[in-house]
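With CSV, C-alpha atoms inside, this is structure-v5.csv:
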```csv
chain,number,residue,atom,x,y,z
L,7,MET,CA,74.1,125.4,-56.4
L,8,SER,CA,75.6,124.7,-53.1
L,9,ALA,CA,78.8,126.5,-53.8
L,10,ARG,CA,77.2,129.7,-55.0
L,11,LEU,CA,74.7,129.6,-52.2
L,12,THR,CA,77.4,129.0,-49.7
L,13,THR,CA,79.5,131.8,-51.0
L,14,LEU,CA,76.7,134.4,-51.3
L,15,THR,CA,75.2,133.4,-48.0
L,16,ALA,CA,78.5,133.5,-46.3
L,17,ILE,CA,79.1,137.0,-47.7
L,18,LEU,CA,75.6,138.1,-46.7
L,19,ILE,CA,76.0,136.6,-43.3
L,20,SER,CA,79.4,138.3,-42.8
L,21,LEU,CA,77.8,141.6,-43.7
L,22,ALA,CA,74.8,141.0,-41.6
L,23,GLY,CA,76.9,140.0,-38.7
L,24,LEU,CA,78.8,143.3,-39.0
L,25,VAL,CA,75.7,145.4,-39.3
L,26,ALA,CA,72.4,144.1,-38.0
L,27,HIS,CA,71.5,140.4,-37.8
L,28,PRO,CA,73.7,138.5,-35.4
L,29,ALA,CA,70.9,136.0,-34.7
L,30,LEU,CA,70.5,135.0,-38.3
L,31,SER,CA,74.3,134.7,-38.7
L,32,GLU,CA,74.3,132.3,-35.7
L,33,ALA,CA,71.6,130.1,-37.2
L,34,LYS,CA,73.5,129.5,-40.5
L,35,ALA,CA,77.0,130.4,-39.7
L,36,PRO,CA,79.7,128.5,-41.5
L,37,THR,CA,82.4,130.6,-43.0
L,38,LEU,CA,83.2,130.2,-46.6
L,39,ASP,CA,86.2,128.0,-45.7
L,40,ASP,CA,84.0,125.8,-43.6
L,41,ALA,CA,81.4,125.3,-46.3
L,42,ALA,CA,83.8,124.6,-49.1
L,43,GLY,CA,84.8,121.0,-49.7
L,44,ARG,CA,83.4,117.8,-50.7
L,45,TYR,CA,80.2,116.2,-49.4
L,46,ASP,CA,79.0,112.7,-50.0
L,47,ILE,CA,75.3,112.3,-50.5
L,48,GLU,CA,74.0,110.3,-47.6
L,49,GLY,CA,71.7,107.3,-47.5
L,50,SER,CA,69.3,109.3,-45.3
L,51,SER,CA,68.4,111.3,-48.5
L,52,GLN,CA,64.9,110.8,-50.0
L,53,ILE,CA,64.6,110.5,-53.7
L,54,ASN,CA,60.8,110.7,-54.3
L,55,PHE,CA,59.0,111.0,-57.5
L,56,LYS,CA,55.4,111.2,-58.7
L,57,VAL,CA,53.7,110.7,-62.1
L,58,GLY,CA,50.2,112.2,-62.1
L,59,GLN,CA,47.3,110.3,-63.8
L,60,VAL,CA,44.2,111.5,-65.5
L,61,GLY,CA,41.4,112.0,-63.0
L,62,GLY,CA,43.7,112.7,-60.1
L,63,GLY,CA,46.2,110.7,-58.1
L,64,GLY,CA,49.1,108.9,-59.8
L,65,ILE,CA,52.1,106.8,-59.2
L,66,SER,CA,54.3,107.8,-56.3
L,67,GLY,CA,57.6,106.1,-55.5
L,68,LYS,CA,61.1,106.4,-54.5
L,69,PHE,CA,64.6,105.1,-55.2
L,70,THR,CA,66.4,103.5,-52.4
L,71,LYS,CA,69.9,103.2,-53.8
L,72,PHE,CA,71.9,106.2,-55.0
L,73,THR,CA,75.3,107.9,-54.7
L,74,GLY,CA,76.6,111.4,-55.3
L,75,THR,CA,78.7,114.3,-54.2
L,76,PHE,CA,78.6,118.0,-53.8
L,77,GLN,CA,82.0,119.6,-54.5
L,78,LEU,CA,81.8,123.2,-53.3
L,79,ASP,CA,84.6,125.4,-54.5
L,80,SER,CA,85.3,128.4,-52.4
L,81,SER,CA,87.3,130.4,-54.9
L,82,ASP,CA,85.2,129.9,-58.0
L,83,ILE,CA,81.5,129.1,-57.7
L,84,GLY,CA,81.3,128.0,-61.3
L,85,LYS,CA,83.7,125.2,-60.5
L,86,SER,CA,81.3,123.7,-58.0
L,87,ILE,CA,79.7,120.5,-59.1
L,88,VAL,CA,76.8,118.3,-58.1
L,89,GLU,CA,77.0,114.7,-59.2
L,90,PHE,CA,74.3,112.2,-58.6
L,91,ALA,CA,73.5,108.6,-59.7
L,92,LEU,CA,70.6,106.5,-58.8
L,93,TYR,CA,69.9,102.8,-59.5
L,94,PRO,CA,66.4,102.4,-61.1
L,95,GLU,CA,66.4,98.8,-60.1
L,96,THR,CA,65.6,100.0,-56.5
L,97,VAL,CA,62.4,101.8,-57.4
L,98,GLN,CA,59.6,101.3,-54.8
L,99,THR,CA,56.0,102.2,-55.4
L,100,GLY,CA,54.1,99.8,-53.0
L,101,GLU,CA,52.9,97.7,-56.0
L,102,ALA,CA,55.3,94.9,-57.1
L,103,ARG,CA,53.7,94.8,-60.6
L,104,ILE,CA,54.2,98.5,-61.1
L,105,GLU,CA,57.8,98.2,-59.9
L,106,ASN,CA,58.5,95.4,-62.3
L,107,PHE,CA,56.9,97.4,-65.1
L,108,LEU,CA,59.1,100.4,-64.3
L,109,ARG,CA,62.2,98.2,-64.4
L,110,SER,CA,61.2,96.6,-67.7
L,111,THR,CA,62.1,97.7,-71.2
L,112,ALA,CA,58.9,99.8,-71.2
L,113,VAL,CA,60.5,102.3,-68.8
L,114,PHE,CA,63.9,102.2,-67.2
L,115,ASP,CA,65.2,99.0,-68.8
L,116,SER,CA,67.4,98.7,-65.7
L,117,ALA,CA,69.0,95.4,-66.9
L,118,ASN,CA,70.7,97.3,-69.8
L,119,TYR,CA,70.8,100.8,-68.2
L,120,PRO,CA,71.5,100.2,-64.5
L,121,LYS,CA,72.3,103.8,-63.6
L,122,ILE,CA,70.6,107.1,-64.1
L,123,VAL,CA,73.2,109.9,-63.8
L,124,PHE,CA,73.0,113.7,-63.3
L,125,ARG,CA,75.9,116.0,-63.5
L,126,SER,CA,75.5,119.8,-63.0
L,127,THR,CA,76.7,122.2,-65.6
L,128,LYS,CA,75.5,125.5,-64.1
L,129,ILE,CA,74.3,126.7,-60.7
L,130,THR,CA,72.4,130.0,-60.4
L,131,ARG,CA,71.3,131.6,-57.2
L,132,THR,CA,67.6,132.5,-57.3
L,133,GLY,CA,66.9,133.8,-53.8
L,134,GLU,CA,68.0,134.1,-50.2
L,135,ASP,CA,68.4,130.3,-49.8
L,136,THR,CA,67.4,129.0,-53.2
L,137,ALA,CA,69.2,128.2,-56.4
L,138,GLU,CA,68.6,126.6,-59.8
L,139,ILE,CA,70.7,123.7,-60.9
L,140,GLU,CA,71.2,123.0,-64.6
L,141,GLY,CA,72.8,119.8,-65.7
L,142,ASN,CA,72.9,116.8,-67.9
L,143,LEU,CA,70.7,113.9,-67.0
L,144,THR,CA,71.5,110.6,-68.6
L,145,ALA,CA,68.9,107.8,-68.6
L,146,LYS,CA,68.3,104.9,-70.8
L,147,GLY,CA,71.2,105.9,-73.0
L,148,THR,CA,69.9,109.4,-73.6
L,149,THR,CA,71.4,112.6,-72.3
L,150,ARG,CA,69.4,115.8,-72.0
L,151,THR,CA,69.7,119.1,-70.1
L,152,GLU,CA,67.4,119.4,-67.1
L,153,HIS,CA,66.7,122.0,-64.4
L,154,PHE,CA,66.0,121.5,-60.7
L,155,ASP,CA,65.2,124.0,-58.0
L,156,ALA,CA,67.1,123.7,-54.7
L,157,THR,CA,66.3,125.1,-51.3
L,158,LEU,CA,68.8,125.0,-48.5
L,159,THR,CA,67.2,123.2,-45.6
L,160,LYS,CA,70.1,122.2,-43.3
L,161,TRP,CA,73.6,123.5,-42.8
L,162,ASN,CA,76.2,123.1,-40.2
L,163,ARG,CA,79.9,122.4,-40.2
L,164,ARG,CA,79.5,118.7,-41.2
L,165,VAL,CA,76.2,118.4,-43.0
L,166,ILE,CA,74.5,120.3,-45.8
L,167,GLY,CA,70.9,119.5,-46.9
L,168,PHE,CA,68.8,120.6,-49.8
L,169,HIS,CA,65.2,120.2,-50.8
L,170,ILE,CA,65.4,119.7,-54.6
L,171,GLN,CA,62.4,119.7,-56.9
L,172,GLY,CA,62.0,119.5,-60.7
L,173,GLY,CA,60.0,118.0,-63.5
L,174,VAL,CA,61.4,115.8,-66.2
L,175,TYR,CA,59.7,115.0,-69.4
L,176,ARG,CA,60.0,111.2,-69.7
L,177,THR,CA,59.4,111.2,-73.5
L,178,ARG,CA,62.9,112.6,-73.8
L,179,TYR,CA,64.3,109.4,-72.5
L,180,ASN,CA,62.3,106.9,-74.5
L,181,MET,CA,59.9,106.2,-71.6
L,182,SER,CA,56.7,107.5,-73.1
L,183,VAL,CA,54.5,104.5,-72.3
L,184,GLY,CA,51.1,105.3,-70.8
L,185,ILE,CA,50.7,108.9,-72.0
L,186,PRO,CA,48.1,110.4,-71.8
L,187,ILE,CA,46.7,108.3,-69.0
L,188,TYR,CA,49.9,109.0,-67.1
L,189,SER,CA,51.5,112.4,-67.3
L,190,ASN,CA,54.6,113.0,-69.4
L,191,VAL,CA,56.1,114.9,-66.4
L,192,VAL,CA,57.9,113.0,-63.7
L,193,GLU,CA,57.9,115.3,-60.6
L,194,PHE,CA,60.9,114.8,-58.4
L,195,ASP,CA,60.8,115.9,-54.8
L,196,MET,CA,64.0,115.1,-53.1
L,197,LEU,CA,65.6,115.7,-49.7
L,198,VAL,CA,69.3,115.5,-50.4
L,199,ASN,CA,71.7,115.4,-47.5
L,200,GLY,CA,75.5,115.7,-47.8
L,201,GLN,CA,78.1,114.7,-45.2
L,202,LYS,CA,81.3,116.6,-45.4
L,203,HIS,CA,84.5,114.7,-45.9
T,10,MET,CA,12.5,99.7,-91.4
T,11,LEU,CA,14.2,100.5,-88.1
T,12,ARG,CA,12.0,98.4,-85.8
T,13,ASN,CA,11.5,94.7,-86.0
T,14,GLY,CA,8.6,93.5,-88.1
T,15,PRO,CA,6.3,90.4,-87.6
T,16,ASP,CA,8.8,88.1,-89.2
T,17,ALA,CA,11.9,90.2,-89.9
T,18,PHE,CA,14.5,92.1,-87.9
T,19,GLY,CA,14.7,95.9,-88.2
T,20,TRP,CA,17.9,97.6,-89.1
T,21,ALA,CA,18.6,98.7,-85.5
T,22,THR,CA,18.6,95.0,-84.3
T,23,ILE,CA,20.7,93.9,-87.3
T,24,LEU,CA,23.3,96.7,-86.9
T,25,LEU,CA,23.5,96.2,-83.1
T,26,HIS,CA,23.8,92.4,-83.6
T,27,TRP,CA,26.8,92.7,-86.0
T,28,ALA,CA,28.5,95.5,-84.2
T,29,ILE,CA,28.4,93.6,-81.0
T,30,ALA,CA,29.5,90.4,-82.8
T,31,LEU,CA,32.6,92.2,-84.2
T,32,LEU,CA,33.4,93.7,-80.8
T,33,ILE,CA,33.1,90.3,-79.0
T,34,ALA,CA,35.4,88.7,-81.6
T,35,GLY,CA,37.9,91.5,-81.3
T,36,LEU,CA,37.8,91.7,-77.6
T,37,LEU,CA,38.3,87.9,-77.2
T,38,VAL,CA,41.4,88.1,-79.5
T,39,LEU,CA,42.7,91.2,-77.6
T,40,GLY,CA,42.0,89.6,-74.2
T,41,TYR,CA,43.9,86.5,-75.2
T,42,VAL,CA,46.9,88.2,-76.8
T,43,MET,CA,47.3,90.9,-74.1
T,44,THR,CA,47.6,88.3,-71.3
T,45,ARG,CA,50.4,86.2,-72.9
T,46,PRO,CA,53.2,86.2,-70.3
T,47,ASP,CA,56.0,87.0,-72.8
T,48,ILE,CA,54.4,90.0,-74.4
T,49,ASP,CA,56.3,93.3,-74.8
T,50,PRO,CA,55.3,95.4,-71.8
T,51,VAL,CA,54.5,98.6,-73.8
T,52,LEU,CA,52.4,96.6,-76.2
T,53,GLN,CA,50.7,94.9,-73.3
T,54,PHE,CA,49.8,98.2,-71.6
T,55,ASP,CA,48.4,99.6,-74.8
T,56,LEU,CA,46.4,96.5,-75.7
T,57,PHE,CA,44.8,96.6,-72.2
T,58,GLN,CA,43.7,100.2,-72.7
T,59,TRP,CA,42.2,99.3,-76.1
T,60,HIS,CA,40.5,96.3,-74.6
T,61,LYS,CA,39.0,98.5,-71.9
T,62,SER,CA,37.8,101.1,-74.4
T,63,PHE,CA,36.3,98.6,-76.8
T,64,GLY,CA,34.9,96.7,-73.8
T,65,PHE,CA,33.0,99.8,-72.5
T,66,THR,CA,31.8,100.3,-76.1
T,67,ALA,CA,30.5,96.7,-76.1
T,68,LEU,CA,28.8,97.2,-72.7
T,69,GLY,CA,27.0,100.4,-74.0
T,70,LEU,CA,25.8,98.7,-77.2
T,71,CYS,CA,24.7,95.6,-75.2
T,72,ILE,CA,22.6,97.7,-72.8
T,73,ILE,CA,21.0,99.4,-75.8
T,74,ARG,CA,20.6,95.9,-77.4
T,75,VAL,CA,18.8,94.5,-74.4
T,76,LEU,CA,16.5,97.5,-74.0
T,77,TRP,CA,15.8,97.3,-77.8
T,78,TRP,CA,15.1,93.6,-77.4
T,79,LEU,CA,12.7,94.3,-74.5
T,80,ALA,CA,11.0,97.2,-76.3
T,81,ASN,CA,10.5,95.5,-79.6
T,82,ARG,CA,8.3,92.7,-80.8
T,83,HIS,CA,10.1,89.5,-81.6
T,84,PRO,CA,9.8,88.3,-85.2
T,85,ALA,CA,8.0,85.0,-85.4
T,86,ALA,CA,10.3,81.9,-85.5
T,87,VAL,CA,10.9,80.6,-89.0
T,88,ALA,CA,8.7,77.8,-90.0
T,89,GLY,CA,9.7,74.3,-89.4
T,90,LEU,CA,11.2,74.7,-85.9
T,91,SER,CA,10.1,72.3,-83.3
T,92,VAL,CA,9.0,73.4,-79.8
T,93,ARG,CA,12.2,72.0,-78.4
T,94,GLU,CA,14.3,74.0,-80.9
T,95,ARG,CA,12.4,77.2,-80.2
T,96,ARG,CA,13.0,76.7,-76.5
T,97,ALA,CA,16.7,76.0,-77.0
T,98,SER,CA,17.0,79.0,-79.2
T,99,PHE,CA,15.3,81.2,-76.6
T,100,ILE,CA,17.5,79.9,-73.8
T,101,VAL,CA,20.7,80.5,-75.8
T,102,HIS,CA,19.6,84.0,-76.8
T,103,ILE,CA,18.8,84.9,-73.2
T,104,LEU,CA,22.2,83.5,-72.1
T,105,LEU,CA,23.9,85.4,-74.9
T,106,LEU,CA,22.2,88.7,-73.7
T,107,CYS,CA,23.1,88.0,-70.1
T,108,LEU,CA,26.8,87.2,-70.9
T,109,THR,CA,27.2,90.2,-73.2
T,110,LEU,CA,26.3,92.3,-70.2
T,111,SER,CA,28.1,90.4,-67.4
T,112,VAL,CA,31.4,89.9,-69.3
T,113,PRO,CA,32.1,93.7,-69.6
T,114,VAL,CA,30.7,94.4,-66.1
T,115,THR,CA,33.1,91.8,-64.6
T,116,GLY,CA,35.9,93.4,-66.6
T,117,TRP,CA,34.9,96.8,-65.3
T,118,ALA,CA,34.9,95.3,-61.8
T,119,LEU,CA,38.4,93.9,-62.2
T,120,ALA,CA,39.8,97.2,-63.4
T,121,SER,CA,38.0,98.9,-60.5
T,122,THR,CA,39.4,96.6,-57.8
T,123,SER,CA,42.9,96.2,-59.3
T,124,THR,CA,45.7,97.5,-57.0
T,125,LEU,CA,47.3,98.8,-60.2
T,126,ASP,CA,44.7,101.6,-60.0
T,127,ILE,CA,45.0,102.3,-63.8
T,128,PRO,CA,42.3,104.8,-64.8
T,129,SER,CA,39.9,103.8,-67.6
T,130,PHE,CA,40.4,106.6,-70.0
T,131,TYR,CA,37.9,105.8,-72.7
T,132,PHE,CA,39.7,106.2,-76.1
T,133,ASN,CA,41.8,108.8,-74.3
T,134,LEU,CA,38.7,111.1,-74.3
T,135,VAL,CA,36.9,110.7,-71.0
T,136,VAL,CA,37.6,109.0,-67.7
T,137,ILE,CA,35.1,106.3,-66.8
T,138,PRO,CA,35.0,106.1,-63.0
T,139,PRO,CA,35.6,102.8,-61.2
T,140,LEU,CA,32.8,100.8,-59.8
T,141,PRO,CA,32.4,101.5,-56.0
T,142,LEU,CA,34.4,98.4,-55.0
T,143,ALA,CA,37.3,98.1,-52.6
T,144,LYS,CA,40.7,97.6,-54.2
T,145,SER,CA,42.5,94.5,-53.1
T,146,ALA,CA,44.5,91.7,-54.6
T,147,VAL,CA,41.9,89.2,-53.6
T,148,ALA,CA,39.0,91.1,-55.2
T,149,GLU,CA,41.1,91.6,-58.4
T,150,ALA,CA,41.9,87.9,-58.6
T,151,LEU,CA,38.2,87.0,-58.1
T,152,TRP,CA,36.9,89.4,-60.8
T,153,THR,CA,39.7,88.4,-63.1
T,154,THR,CA,38.6,84.7,-62.8
T,155,ALA,CA,35.0,85.6,-63.3
T,156,HIS,CA,35.8,87.8,-66.3
T,157,ALA,CA,37.9,85.0,-68.0
T,158,VAL,CA,35.4,82.2,-67.2
T,159,LEU,CA,32.4,84.2,-68.5
T,160,ALA,CA,34.3,85.5,-71.5
T,161,TYR,CA,35.3,82.0,-72.6
T,162,GLY,CA,31.7,80.8,-71.8
T,163,LEU,CA,30.5,83.6,-74.1
T,164,ALA,CA,33.0,82.5,-76.8
T,165,GLY,CA,31.7,78.9,-76.6
T,166,LEU,CA,28.1,80.1,-76.8
T,167,VAL,CA,28.9,82.4,-79.7
T,168,LEU,CA,30.4,79.4,-81.5
T,169,LEU,CA,27.2,77.4,-80.8
T,170,HIS,CA,25.1,80.3,-82.0
T,171,ALA,CA,27.1,80.7,-85.2
T,172,ALA,CA,27.1,77.0,-85.9
T,173,ALA,CA,23.4,76.9,-85.5
T,174,ALA,CA,23.0,79.8,-87.9
T,175,LEU,CA,25.2,78.1,-90.5
T,176,HIS,CA,23.3,74.8,-90.0
T,177,HIS,CA,20.0,76.6,-90.7
T,178,HIS,CA,21.4,78.3,-93.7
T,179,PHE,CA,23.3,75.5,-95.4
T,180,ILE,CA,21.6,72.3,-94.2
T,181,ARG,CA,18.0,73.4,-93.4
T,182,ARG,CA,18.1,76.2,-96.0
T,183,ASP,CA,15.8,78.4,-94.0
T,184,ALA,CA,15.8,82.2,-93.3
T,185,VAL,CA,17.4,82.2,-89.9
T,186,LEU,CA,20.8,83.6,-91.0
T,187,VAL,CA,19.5,85.6,-93.9
T,188,ARG,CA,17.1,87.6,-91.9
T,189,MET,CA,19.9,88.8,-89.6
T,190,LEU,CA,21.8,89.9,-92.7
T,191,HIS,CA,19.2,92.2,-94.3
T,192,ASN,CA,15.8,93.6,-93.7
T,193,ARG,CA,13.5,92.5,-96.5
T,194,TRP,CA,10.9,94.9,-95.2
T,195,ARG,CA,13.1,97.9,-96.1
T,196,ASP,CA,10.9,98.8,-99.1
T,197,GLY,CA,7.6,98.0,-97.4
```

Could you take the file, read its structure, and then write that structure out as structure tokens?
Amino acid sequence: MSARLTTLTAILISLAGLVAHPALSEAKAPTLDDAAGRYDIEGSSQINFKVGQVGGGGISGKFTKFTGTFQLDSSDIGKSIVEFALYPETVQTGEARIENFLRSTAVFDSANYPKIVFRSTKITRTGEDTAEIEGNLTAKGTTRTEHFDATLTKWNRRVIGFHIQGGVYRTRYNMSVGIPIYSNVVEFDMLVNGQKH
Amino acid sequence: MLRNGPDAFGWATILLHWAIALLIAGLLVLGYVMTRPDIDPVLQFDLFQWHKSFGFTALGLCIIRVLWWLANRHPAAVAGLSVRERRASFIVHILLLCLTLSVPVTGWALASTSTLDIPSFYFNLVVIPPLPLAKSAVAEALWTTAHAVLAYGLAGLVLLHAAAALHHHFIRRDAVLVRMLHNRWRDG
């Protein structure tokens, strides 16, 4: 997502700068060469999730350990890649028994599957500063195609940030315990910050 | 006959009695199995939800049972019971009725105060709201203890009640057990 966004926005900004909107171009103004490159996902990112429950409310939590990169390609957007891995062992919900249940074989089975991995396969721009990321999500030994919506939130010469949201059906990953009391859909709501190399 | 007669139980009492007896036995087994520490976590989650749904069913039937008990005449005691035996029988029956109500209510309270905040979704059909009690680890622990103690107390009393019925049937050879098995007034 980031590469195509970067490219398209850079082109738009270049045009805007030539024609009518110098203020906008100053607000988000890296050149294509500036934006291209490799970004490491920072620890300041927030990987939040929620699983709704019948009658309202639900389980909200976050993962505190994760790694990943954005590789933004300036010459070919399609070659840009987002890679992300999180460690389900680090799940936090505010209730130790729920955390242990999520780590257990009922859900993540983090002892046998310590990592949940996402690797993008296709990034499509959907708006001025939004894009859709398609990719392969591997969890608990199963790989499926998932989609996430990204919105650019932060952008300067060293740092890029996205608000990324998406729903994942947990039945696809052999984590169907608790349905229908708890929703099948895990809603991810993430603030992902990248630091340029 | 639906209602109790002068010396016989009506069908409503008999059906309620055995339905509740089955529920109590099943709930005791479920409650024991689901709290084993080495149980598979998915099975444990599912058994807890079954336990809650059947527990609410038991509570509903027990409320009807008590109302029915209060609204109906009580069949006369079988002949040959001493005053002391009648008094003991009355006390055990009152205790049984109280426990069949308080065991599910304490279970409802423990589910309501649990910081797990798992909804009670009755047979995946309708959400039963929590009791208006504050959620806390302390409250949950208290209600859990109350639920377990009362449930095992009920189990003990049920055994006593069943042993007495068998004693009456096989040793005393009176109608105490038989009249809870069928209604001999059904043709009358």

Tell me as a PyMOL selection string which residues belonging to chain T come within 9 Å of chain L, counting all atoms listed in the file.
chain T and resi 49-52+54-55+124-130+133+136+138

Polymer residues at most 7 Å from (72.5, 120.5, -68.2) by only C-alpha atoms, as a count of residues only:
9

For Ala91 (chain L), work out the shell of residues within 6 Å, counting only C-alpha atoms and skipping chain neighbours fewer than 2 positions away, then give it as a PyMOL selection string.
chain L and resi 72-73+122-123

Find the residue from T:Phe57, T:Tyr131, T:Trp20, T:Phe65 that sits nearest to Trp117 (chain T); use all atoms listed in the file when measuring.
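So, comparing all the options, the nearest one is T:Phe65.
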
If you measure from CA of Ala97 (chain T) to CA of Val158 (chain T), what distance in Å do you get, rounded to one decimal?
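Calculated distance between CA of Ala97 (chain T) and CA of Val158 (chain T) is 22.0 Å.
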
For His26 (chain T), the nearest of the candidates T:Val75, T:His156, T:Arg95, T:Leu175, counting all atoms listed in the file:
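Residue with the minimum atom-to-atom distance to His26 (chain T): T:Val75.
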
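As for CA of Leu32 (chain T) and CA of Phe63 (chain T), they are spaced 7.0 Å apart.
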
Which residues, written as a PyMOL selection string, have at least one atom at most 8 Å from Asp195 (chain L), with only C-alpha atoms counted and residues fewer than 2 positions away on the same chain left out?
chain L and resi 53-55+169-172+193+197

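The two atoms in question, CA of Ser116 (chain L) and CA of Val192 (chain L), are spaced 17.3 Å apart.
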
May I have the protein, DNA and RNA residues with an atom at most 12 Å from (33.2, 93.4, -68.2), counting all atoms listed in the file in the file's coordinates, returned as a ChimeraX atom specification?
/T:33,36-37,40,60-69,71,107-121,139-140,152-160,163

Would you mind putting N, CA and C atoms back on region 138-152 of chain L and writing the result as a CSV table (one decimal), in the coordinates of the input?
```csv
chain,number,residue,atom,x,y,z
L,138,GLU,N,69.0,127.5,-58.7
L,138,GLU,CA,68.6,126.6,-59.8
L,138,GLU,C,69.8,125.8,-60.3
L,139,ILE,N,69.6,124.5,-60.4
L,139,ILE,CA,70.7,123.7,-60.9
L,139,ILE,C,70.4,123.3,-62.3
L,140,GLU,N,71.3,123.5,-63.2
L,140,GLU,CA,71.2,123.0,-64.6
L,140,GLU,C,72.2,121.9,-64.8
L,141,GLY,N,71.9,120.9,-65.5
L,141,GLY,CA,72.8,119.8,-65.7
L,141,GLY,C,72.4,118.8,-66.7
L,142,ASN,N,73.2,117.8,-66.9
L,142,ASN,CA,72.9,116.8,-67.9
L,142,ASN,C,72.4,115.6,-67.2
L,143,LEU,N,71.3,115.1,-67.6
L,143,LEU,CA,70.7,113.9,-67.0
L,143,LEU,C,70.8,112.8,-68.1
L,144,THR,N,71.4,111.7,-67.7
L,144,THR,CA,71.5,110.6,-68.6
L,144,THR,C,70.7,109.4,-68.1
L,145,ALA,N,69.7,109.0,-68.9
L,145,ALA,CA,68.9,107.8,-68.6
L,145,ALA,C,68.6,107.1,-69.8
L,146,LYS,N,68.6,105.8,-69.7
L,146,LYS,CA,68.3,104.9,-70.8
L,146,LYS,C,69.1,105.2,-72.1
L,147,GLY,N,70.3,105.6,-71.9
L,147,GLY,CA,71.2,105.9,-73.0
L,147,GLY,C,71.0,107.3,-73.7
L,148,THR,N,70.2,108.1,-73.1
L,148,THR,CA,69.9,109.4,-73.6
L,148,THR,C,70.3,110.5,-72.6
L,149,THR,N,71.0,111.5,-73.1
L,149,THR,CA,71.4,112.6,-72.3
L,149,THR,C,70.7,113.9,-72.7
L,150,ARG,N,70.1,114.6,-71.7
L,150,ARG,CA,69.4,115.8,-72.0
L,150,ARG,C,69.7,116.8,-70.8
L,151,THR,N,69.5,118.1,-71.1
L,151,THR,CA,69.7,119.1,-70.1
L,151,THR,C,68.4,119.3,-69.3
L,152,GLU,N,68.5,119.3,-68.0
L,152,GLU,CA,67.4,119.4,-67.1
L,152,GLU,C,67.7,120.5,-66.0
```
